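Notes for the one structure printed next.
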Protein chains: 2
Amino acid sequence: MSLRKGFAHERDLVRRLWEHGFAAVRAPASGSRTKRIVYPDVVAIHKGKVIVMEVKIVGRERTIYIDRKKVEKLREFASRAGASAYVAVKIVGTGEWLFVPLELLVEAENSYKLTRDALSRAIDLKTLVTTVKGVKKLTEFQDKKASEPT
Amino acid sequence: MSLRKGFAHERDLVRRLWEHGFAAVRAPASGSRTKRIVYPDVVAIHKGKVIVMEVKIVGRERTIYIDRKKVEKLREFASRAGASAYVAVKIVGTGEWLFVPLELLVEAENSYKLTRDALSRAIDLKTLVTTVKGVKKLTEFQDKKASEPT
């Protein structure tokens, strides 16, 4: 897929997350001079809860291979940020986004494998949003005690 | 300043924040199709604490004007993310970065003004890092009780 098309899908994801109240940003294009810095494809934040994502676009549900280095960099970024890391898979035919926690990836040769079994355990955008928004921090409970239903 | 030069300074800031243990990302270039989405120039995260920044490069300490729309978008992004917002000012001559909280900006016509007085109250990178890392969350104290000195 061309870089331009990839960005269009990332923008689609950023827009949807924005509609759900998140702050979200997609990564810059990496030119030759910036190759050393590897960013997550999309970073989304809601009130201090952070999710980082590697974006994969596929025509149908199938096994997906992800470069080992990219997975390791994503893990490092997530660790520093205190974030949850996902592979965000867009099934082009349906236009649906599916989210697979990085922990479900399986090591393969020079890559990590997202199996069809793992994909079948993915969550959809609505569930992702609920998961992030639903789990409140102790500090939030204290700040907003009884101000909104849980 | 050319876009390319601007990016080089943003990368410099991202690299320094990374060296201090942060996860950091700079915004993508906004082409004509993405103009509706305005990102912070740099987003930096440390264990769920988020700072968002508008980057300004100046030759010497002087009054700086920032587009009103950009300030409002930065404020909106920060509100969603639960982030602190800063103007990150690089003084080219010294290579030093200074950070001014958005709250110190003064409204002007179609813009916000960062006065020399506000700039004199800026914090440096080390202080910014300490500020973000120093304030721990209740949840962190509970997770790591007595595992490290405070």
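Note on naming: chains are A, B, ... as they come in the structure tokens, residues start from 1 per chain, ligands start from 1 in the order shown.
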Polymer residues at most 8 Å from region 98-105 of chain B, only C-alpha atoms, same-chain spacing of 4 or more positions, as a ChimeraX atom specification: /B:84-91,112-115,118-119,121-125,128
Keeping N, CA and C atoms, export the residues of the selection given above as a JSON list (two decimals), in the first residue's frame.
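Output file part29.json is given in full below:
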```json
[["chain", "number", "residue", "atom", "x", "y", "z"],
["B", 84, "SER", "N", -0.97, 18.82, 30.44],
["B", 84, "SER", "CA", -0.52, 20.19, 30.65],
["B", 84, "SER", "C", -0.01, 20.72, 29.32],
["B", 85, "ALA", "N", -0.34, 21.97, 29.01],
["B", 85, "ALA", "CA", 0.05, 22.55, 27.73],
["B", 85, "ALA", "C", 1.10, 23.64, 27.91],
["B", 86, "TYR", "N", 2.10, 23.60, 27.05],
["B", 86, "TYR", "CA", 3.20, 24.56, 27.12],
["B", 86, "TYR", "C", 3.54, 25.11, 25.73],
["B", 87, "VAL", "N", 4.12, 26.30, 25.72],
["B", 87, "VAL", "CA", 4.85, 26.75, 24.53],
["B", 87, "VAL", "C", 6.31, 26.41, 24.79],
["B", 88, "ALA", "N", 6.90, 25.63, 23.87],
["B", 88, "ALA", "CA", 8.31, 25.26, 23.98],
["B", 88, "ALA", "C", 9.10, 26.21, 23.10],
["B", 89, "VAL", "N", 9.91, 27.05, 23.71],
["B", 89, "VAL", "CA", 10.65, 28.08, 22.97],
["B", 89, "VAL", "C", 12.12, 27.69, 22.89],
["B", 90, "LYS", "N", 12.62, 27.58, 21.65],
["B", 90, "LYS", "CA", 14.06, 27.34, 21.51],
["B", 90, "LYS", "C", 14.75, 28.64, 21.12],
["B", 91, "ILE", "N", 15.72, 29.03, 21.94],
["B", 91, "ILE", "CA", 16.54, 30.19, 21.61],
["B", 91, "ILE", "C", 17.71, 29.67, 20.79],
["B", 112, "TYR", "N", -2.37, 35.04, 20.45],
["B", 112, "TYR", "CA", -1.99, 35.13, 21.86],
["B", 112, "TYR", "C", -0.55, 35.59, 21.91],
["B", 113, "LYS", "N", -0.23, 36.33, 22.95],
["B", 113, "LYS", "CA", 1.07, 36.96, 23.06],
["B", 113, "LYS", "C", 1.84, 36.32, 24.22],
["B", 114, "LEU", "N", 3.06, 35.90, 23.92],
["B", 114, "LEU", "CA", 3.95, 35.42, 24.97],
["B", 114, "LEU", "C", 4.93, 36.55, 25.23],
["B", 115, "THR", "N", 4.73, 37.25, 26.33],
["B", 115, "THR", "CA", 5.54, 38.45, 26.60],
["B", 115, "THR", "C", 6.93, 38.08, 27.11],
["B", 118, "ALA", "N", 6.66, 36.87, 30.58],
["B", 118, "ALA", "CA", 6.26, 35.46, 30.70],
["B", 118, "ALA", "C", 7.46, 34.56, 30.41],
["B", 119, "LEU", "N", 8.24, 34.96, 29.40],
["B", 119, "LEU", "CA", 9.41, 34.16, 29.01],
["B", 119, "LEU", "C", 10.43, 34.12, 30.15],
["B", 121, "ARG", "N", 9.72, 33.89, 33.10],
["B", 121, "ARG", "CA", 9.21, 32.97, 34.13],
["B", 121, "ARG", "C", 9.16, 31.53, 33.60],
["B", 122, "ALA", "N", 9.73, 31.30, 32.42],
["B", 122, "ALA", "CA", 9.74, 29.96, 31.83],
["B", 122, "ALA", "C", 10.60, 29.01, 32.66],
["B", 123, "ILE", "N", 10.32, 27.72, 32.53],
["B", 123, "ILE", "CA", 11.18, 26.72, 33.18],
["B", 123, "ILE", "C", 12.05, 26.05, 32.13],
["B", 124, "ASP", "N", 13.19, 25.51, 32.55],
["B", 124, "ASP", "CA", 14.06, 24.84, 31.58],
["B", 124, "ASP", "C", 13.68, 23.34, 31.48],
["B", 125, "LEU", "N", 14.36, 22.63, 30.59],
["B", 125, "LEU", "CA", 13.99, 21.23, 30.33],
["B", 125, "LEU", "C", 14.09, 20.38, 31.59],
["B", 128, "LEU", "N", 11.22, 20.99, 33.83],
["B", 128, "LEU", "CA", 10.00, 20.40, 33.25],
["B", 128, "LEU", "C", 9.96, 18.90, 33.55]]
```
For chain A against chain B, which residues fall within 9 Å using only C-alpha atoms, given as a PDB file with N, CA, C and O atoms, in the first residue's frame?
```pdb
ATOM      1  N   ARG A  11      -5.694   8.563   9.448  1.00  0.00           N
ATOM      2  CA  ARG A  11      -6.521   9.742   9.712  1.00  0.00           C
ATOM      3  C   ARG A  11      -7.947   9.338  10.046  1.00  0.00           C
ATOM      4  O   ARG A  11      -8.595   9.941  10.905  1.00  0.00           O
ATOM      5  N   ARG A  15      -9.773  10.356  13.443  1.00  0.00           N
ATOM      6  CA  ARG A  15     -11.052  11.066  13.414  1.00  0.00           C
ATOM      7  C   ARG A  15     -12.093  10.360  14.276  1.00  0.00           C
ATOM      8  O   ARG A  15     -12.824  10.973  15.051  1.00  0.00           O
ATOM      9  N   GLY A  21     -14.259  11.478  21.904  1.00  0.00           N
ATOM     10  CA  GLY A  21     -13.777  12.292  23.018  1.00  0.00           C
ATOM     11  C   GLY A  21     -12.295  12.178  23.316  1.00  0.00           C
ATOM     12  O   GLY A  21     -11.793  12.795  24.256  1.00  0.00           O
ATOM     13  N   PHE A  22     -11.589  11.368  22.496  1.00  0.00           N
ATOM     14  CA  PHE A  22     -10.151  11.218  22.709  1.00  0.00           C
ATOM     15  C   PHE A  22      -9.361  12.365  22.074  1.00  0.00           C
ATOM     16  O   PHE A  22      -9.821  12.990  21.120  1.00  0.00           O
ATOM     17  N   ALA A  23      -8.165  12.606  22.594  1.00  0.00           N
ATOM     18  CA  ALA A  23      -7.152  13.350  21.856  1.00  0.00           C
ATOM     19  C   ALA A  23      -6.324  12.299  21.128  1.00  0.00           C
ATOM     20  O   ALA A  23      -5.942  11.295  21.730  1.00  0.00           O
ATOM     21  N   ALA A  24      -6.099  12.488  19.840  1.00  0.00           N
ATOM     22  CA  ALA A  24      -5.359  11.468  19.086  1.00  0.00           C
ATOM     23  C   ALA A  24      -4.449  12.127  18.072  1.00  0.00           C
ATOM     24  O   ALA A  24      -4.743  13.204  17.552  1.00  0.00           O
ATOM     25  N   VAL A  25      -3.331  11.473  17.810  1.00  0.00           N
ATOM     26  CA  VAL A  25      -2.365  11.995  16.845  1.00  0.00           C
ATOM     27  C   VAL A  25      -1.775  10.831  16.056  1.00  0.00           C
ATOM     28  O   VAL A  25      -1.575   9.735  16.588  1.00  0.00           O
ATOM     29  N   ARG A  26      -1.583  11.040  14.754  1.00  0.00           N
ATOM     30  CA  ARG A  26      -0.903  10.006  13.971  1.00  0.00           C
ATOM     31  C   ARG A  26       0.570  10.381  13.849  1.00  0.00           C
ATOM     32  O   ARG A  26       0.938  11.552  13.996  1.00  0.00           O
ATOM     33  N   ALA A  27       1.386   9.400  13.585  1.00  0.00           N
ATOM     34  CA  ALA A  27       2.825   9.620  13.521  1.00  0.00           C
ATOM     35  C   ALA A  27       3.200  10.344  12.234  1.00  0.00           C
ATOM     36  O   ALA A  27       2.500  10.247  11.229  1.00  0.00           O
ATOM     37  N   PRO A  28       4.311  11.087  12.264  1.00  0.00           N
ATOM     38  CA  PRO A  28       4.804  11.711  11.038  1.00  0.00           C
ATOM     39  C   PRO A  28       5.391  10.658  10.107  1.00  0.00           C
ATOM     40  O   PRO A  28       5.769   9.576  10.542  1.00  0.00           O
ATOM     41  N   ALA A  29       5.458  10.995   8.827  1.00  0.00           N
ATOM     42  CA  ALA A  29       6.154  10.143   7.870  1.00  0.00           C
ATOM     43  C   ALA A  29       7.604  10.046   8.301  1.00  0.00           C
ATOM     44  O   ALA A  29       8.181  11.025   8.762  1.00  0.00           O
ATOM     45  N   THR A  34      15.062  10.380   9.707  1.00  0.00           N
ATOM     46  CA  THR A  34      14.374  10.143  10.978  1.00  0.00           C
ATOM     47  C   THR A  34      14.205   8.664  11.266  1.00  0.00           C
ATOM     48  O   THR A  34      13.532   8.277  12.196  1.00  0.00           O
ATOM     49  N   ILE A  37      14.172   7.158  14.748  1.00  0.00           N
ATOM     50  CA  ILE A  37      13.031   7.352  15.637  1.00  0.00           C
ATOM     51  C   ILE A  37      11.825   6.614  15.060  1.00  0.00           C
ATOM     52  O   ILE A  37      11.387   6.903  13.961  1.00  0.00           O
ATOM     53  N   TYR A  39       7.945   5.838  15.719  1.00  0.00           N
ATOM     54  CA  TYR A  39       6.777   6.210  16.493  1.00  0.00           C
ATOM     55  C   TYR A  39       5.678   5.173  16.320  1.00  0.00           C
ATOM     56  O   TYR A  39       5.619   4.487  15.304  1.00  0.00           O
ATOM     57  N   PRO A  40       4.739   5.108  17.280  1.00  0.00           N
ATOM     58  CA  PRO A  40       3.510   4.351  17.029  1.00  0.00           C
ATOM     59  C   PRO A  40       2.758   5.024  15.867  1.00  0.00           C
ATOM     60  O   PRO A  40       2.893   6.226  15.668  1.00  0.00           O
ATOM     61  N   VAL A  43      -1.305   7.533  18.407  1.00  0.00           N
ATOM     62  CA  VAL A  43      -1.322   7.653  19.870  1.00  0.00           C
ATOM     63  C   VAL A  43      -2.639   8.316  20.241  1.00  0.00           C
ATOM     64  O   VAL A  43      -2.983   9.368  19.706  1.00  0.00           O
ATOM     65  N   ALA A  44      -3.402   7.687  21.132  1.00  0.00           N
ATOM     66  CA  ALA A  44      -4.689   8.253  21.556  1.00  0.00           C
ATOM     67  C   ALA A  44      -4.710   8.362  23.065  1.00  0.00           C
ATOM     68  O   ALA A  44      -4.235   7.470  23.775  1.00  0.00           O
ATOM     69  N   ILE A  45      -5.237   9.476  23.563  1.00  0.00           N
ATOM     70  CA  ILE A  45      -5.203   9.748  25.005  1.00  0.00           C
ATOM     71  C   ILE A  45      -6.565  10.232  25.471  1.00  0.00           C
ATOM     72  O   ILE A  45      -7.193  11.057  24.810  1.00  0.00           O
ATOM     73  N   HIS A  46      -7.007   9.702  26.602  1.00  0.00           N
ATOM     74  CA  HIS A  46      -8.239  10.196  27.224  1.00  0.00           C
ATOM     75  C   HIS A  46      -7.994  10.360  28.715  1.00  0.00           C
ATOM     76  O   HIS A  46      -7.865   9.378  29.431  1.00  0.00           O
ATOM     77  N   LYS A  47      -7.885  11.615  29.132  1.00  0.00           N
ATOM     78  CA  LYS A  47      -7.707  11.946  30.559  1.00  0.00           C
ATOM     79  C   LYS A  47      -6.574  11.145  31.197  1.00  0.00           C
ATOM     80  O   LYS A  47      -6.774  10.482  32.235  1.00  0.00           O
ATOM     81  N   GLY A  48      -5.436  11.136  30.541  1.00  0.00           N
ATOM     82  CA  GLY A  48      -4.262  10.489  31.113  1.00  0.00           C
ATOM     83  C   GLY A  48      -4.174   8.993  30.867  1.00  0.00           C
ATOM     84  O   GLY A  48      -3.207   8.358  31.263  1.00  0.00           O
ATOM     85  N   LYS A  49      -5.201   8.420  30.225  1.00  0.00           N
ATOM     86  CA  LYS A  49      -5.093   7.013  29.833  1.00  0.00           C
ATOM     87  C   LYS A  49      -4.648   6.970  28.378  1.00  0.00           C
ATOM     88  O   LYS A  49      -5.272   7.581  27.509  1.00  0.00           O
ATOM     89  N   VAL A  50      -3.572   6.249  28.114  1.00  0.00           N
ATOM     90  CA  VAL A  50      -2.920   6.322  26.807  1.00  0.00           C
ATOM     91  C   VAL A  50      -2.976   4.971  26.104  1.00  0.00           C
ATOM     92  O   VAL A  50      -2.719   3.924  26.717  1.00  0.00           O
ATOM     93  N   GLU A  76       8.375  -0.494  23.815  1.00  0.00           N
ATOM     94  CA  GLU A  76       9.213   0.463  24.544  1.00  0.00           C
ATOM     95  C   GLU A  76       8.472   1.790  24.742  1.00  0.00           C
ATOM     96  O   GLU A  76       8.466   2.354  25.835  1.00  0.00           O
ATOM     97  N   PHE A  77       7.839   2.256  23.679  1.00  0.00           N
ATOM     98  CA  PHE A  77       7.070   3.505  23.757  1.00  0.00           C
ATOM     99  C   PHE A  77       5.956   3.370  24.796  1.00  0.00           C
ATOM    100  O   PHE A  77       5.757   4.247  25.647  1.00  0.00           O
ATOM    101  N   ALA A  78       5.247   2.236  24.746  1.00  0.00           N
ATOM    102  CA  ALA A  78       4.128   2.001  25.670  1.00  0.00           C
ATOM    103  C   ALA A  78       4.621   1.956  27.113  1.00  0.00           C
ATOM    104  O   ALA A  78       3.978   2.501  28.019  1.00  0.00           O
ATOM    105  N   SER A  79       5.767   1.336  27.323  1.00  0.00           N
ATOM    106  CA  SER A  79       6.315   1.215  28.664  1.00  0.00           C
ATOM    107  C   SER A  79       6.635   2.594  29.246  1.00  0.00           C
ATOM    108  O   SER A  79       6.319   2.895  30.401  1.00  0.00           O
ATOM    109  N   ARG A  80       7.282   3.442  28.436  1.00  0.00           N
ATOM    110  CA  ARG A  80       7.602   4.784  28.894  1.00  0.00           C
ATOM    111  C   ARG A  80       6.335   5.594  29.177  1.00  0.00           C
ATOM    112  O   ARG A  80       6.261   6.347  30.151  1.00  0.00           O
ATOM    113  N   ALA A  81       5.352   5.457  28.278  1.00  0.00           N
ATOM    114  CA  ALA A  81       4.138   6.274  28.378  1.00  0.00           C
ATOM    115  C   ALA A  81       3.174   5.754  29.441  1.00  0.00           C
ATOM    116  O   ALA A  81       2.259   6.457  29.850  1.00  0.00           O
ATOM    117  N   GLY A  82       3.382   4.511  29.877  1.00  0.00           N
ATOM    118  CA  GLY A  82       2.392   3.891  30.750  1.00  0.00           C
ATOM    119  C   GLY A  82       1.130   3.578  29.970  1.00  0.00           C
ATOM    120  O   GLY A  82       0.016   3.720  30.465  1.00  0.00           O
ATOM    121  N   ALA A  83       1.315   3.170  28.724  1.00  0.00           N
ATOM    122  CA  ALA A  83       0.196   2.992  27.791  1.00  0.00           C
ATOM    123  C   ALA A  83      -0.137   1.527  27.561  1.00  0.00           C
ATOM    124  O   ALA A  83       0.676   0.640  27.830  1.00  0.00           O
ATOM    125  N   LYS A 137      -9.309   6.040  37.414  1.00  0.00           N
ATOM    126  CA  LYS A 137      -8.214   6.022  38.372  1.00  0.00           C
ATOM    127  C   LYS A 137      -8.719   6.453  39.725  1.00  0.00           C
ATOM    128  O   LYS A 137      -9.676   7.207  39.837  1.00  0.00           O
ATOM    129  N   LEU A 138      -8.027   6.002  40.746  1.00  0.00           N
ATOM    130  CA  LEU A 138      -8.366   6.401  42.113  1.00  0.00           C
ATOM    131  C   LEU A 138      -8.456   7.912  42.231  1.00  0.00           C
ATOM    132  O   LEU A 138      -9.365   8.448  42.853  1.00  0.00           O
ATOM    133  N   THR A 139      -7.508   8.585  41.605  1.00  0.00           N
ATOM    134  CA  THR A 139      -7.467  10.045  41.714  1.00  0.00           C
ATOM    135  C   THR A 139      -8.719  10.680  41.118  1.00  0.00           C
ATOM    136  O   THR A 139      -9.210  11.678  41.612  1.00  0.00           O
TER     137      THR A 139
END
```
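We find CA of Arg60 (chain A) and CA of Val92 (chain A) to be spaced 7.1 Å apart.
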Region 34-143 of chain A: which residues are alpha helix (DSSP H) by DSSP, as a ChimeraX atom specification? /A:68-81,116-120,125-134,138-143
Which is closest to Arg16 (chain B) among B:Glu61, B:Glu54, B:Glu109, B:Glu96, if we use only C-alpha atoms? B:Glu96
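Here CA of Leu13 (chain B) is placed at a distance of 26.5 Å from CA of Leu17 (chain A).
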Could you check the closest approach to Arg75 (chain A) for each of A:Ile51, A:Gly93, A:His20, A:Gly6 and tell me which residue wins, using only C-alpha atoms? A:Ile51
Out of chain B, which residues get strand (DSSP E) from DSSP, as a count of residues only? 46
Considering only C-alpha atoms, state which residue in the set B:Gly134, B:Lys69, B:Trp97, B:Ile64 is at the smallest distance from Asp12 (chain B).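 Closest to Asp12 (chain B) of all the choices is B:Trp97.
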For Lys126 (chain A), the nearest of the candidates A:Arg62, A:Ala108, A:Val52, A:Glu19, counting only C-alpha atoms: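 Of the candidates, the smallest distance to Lys126 (chain A) is held by A:Glu19.
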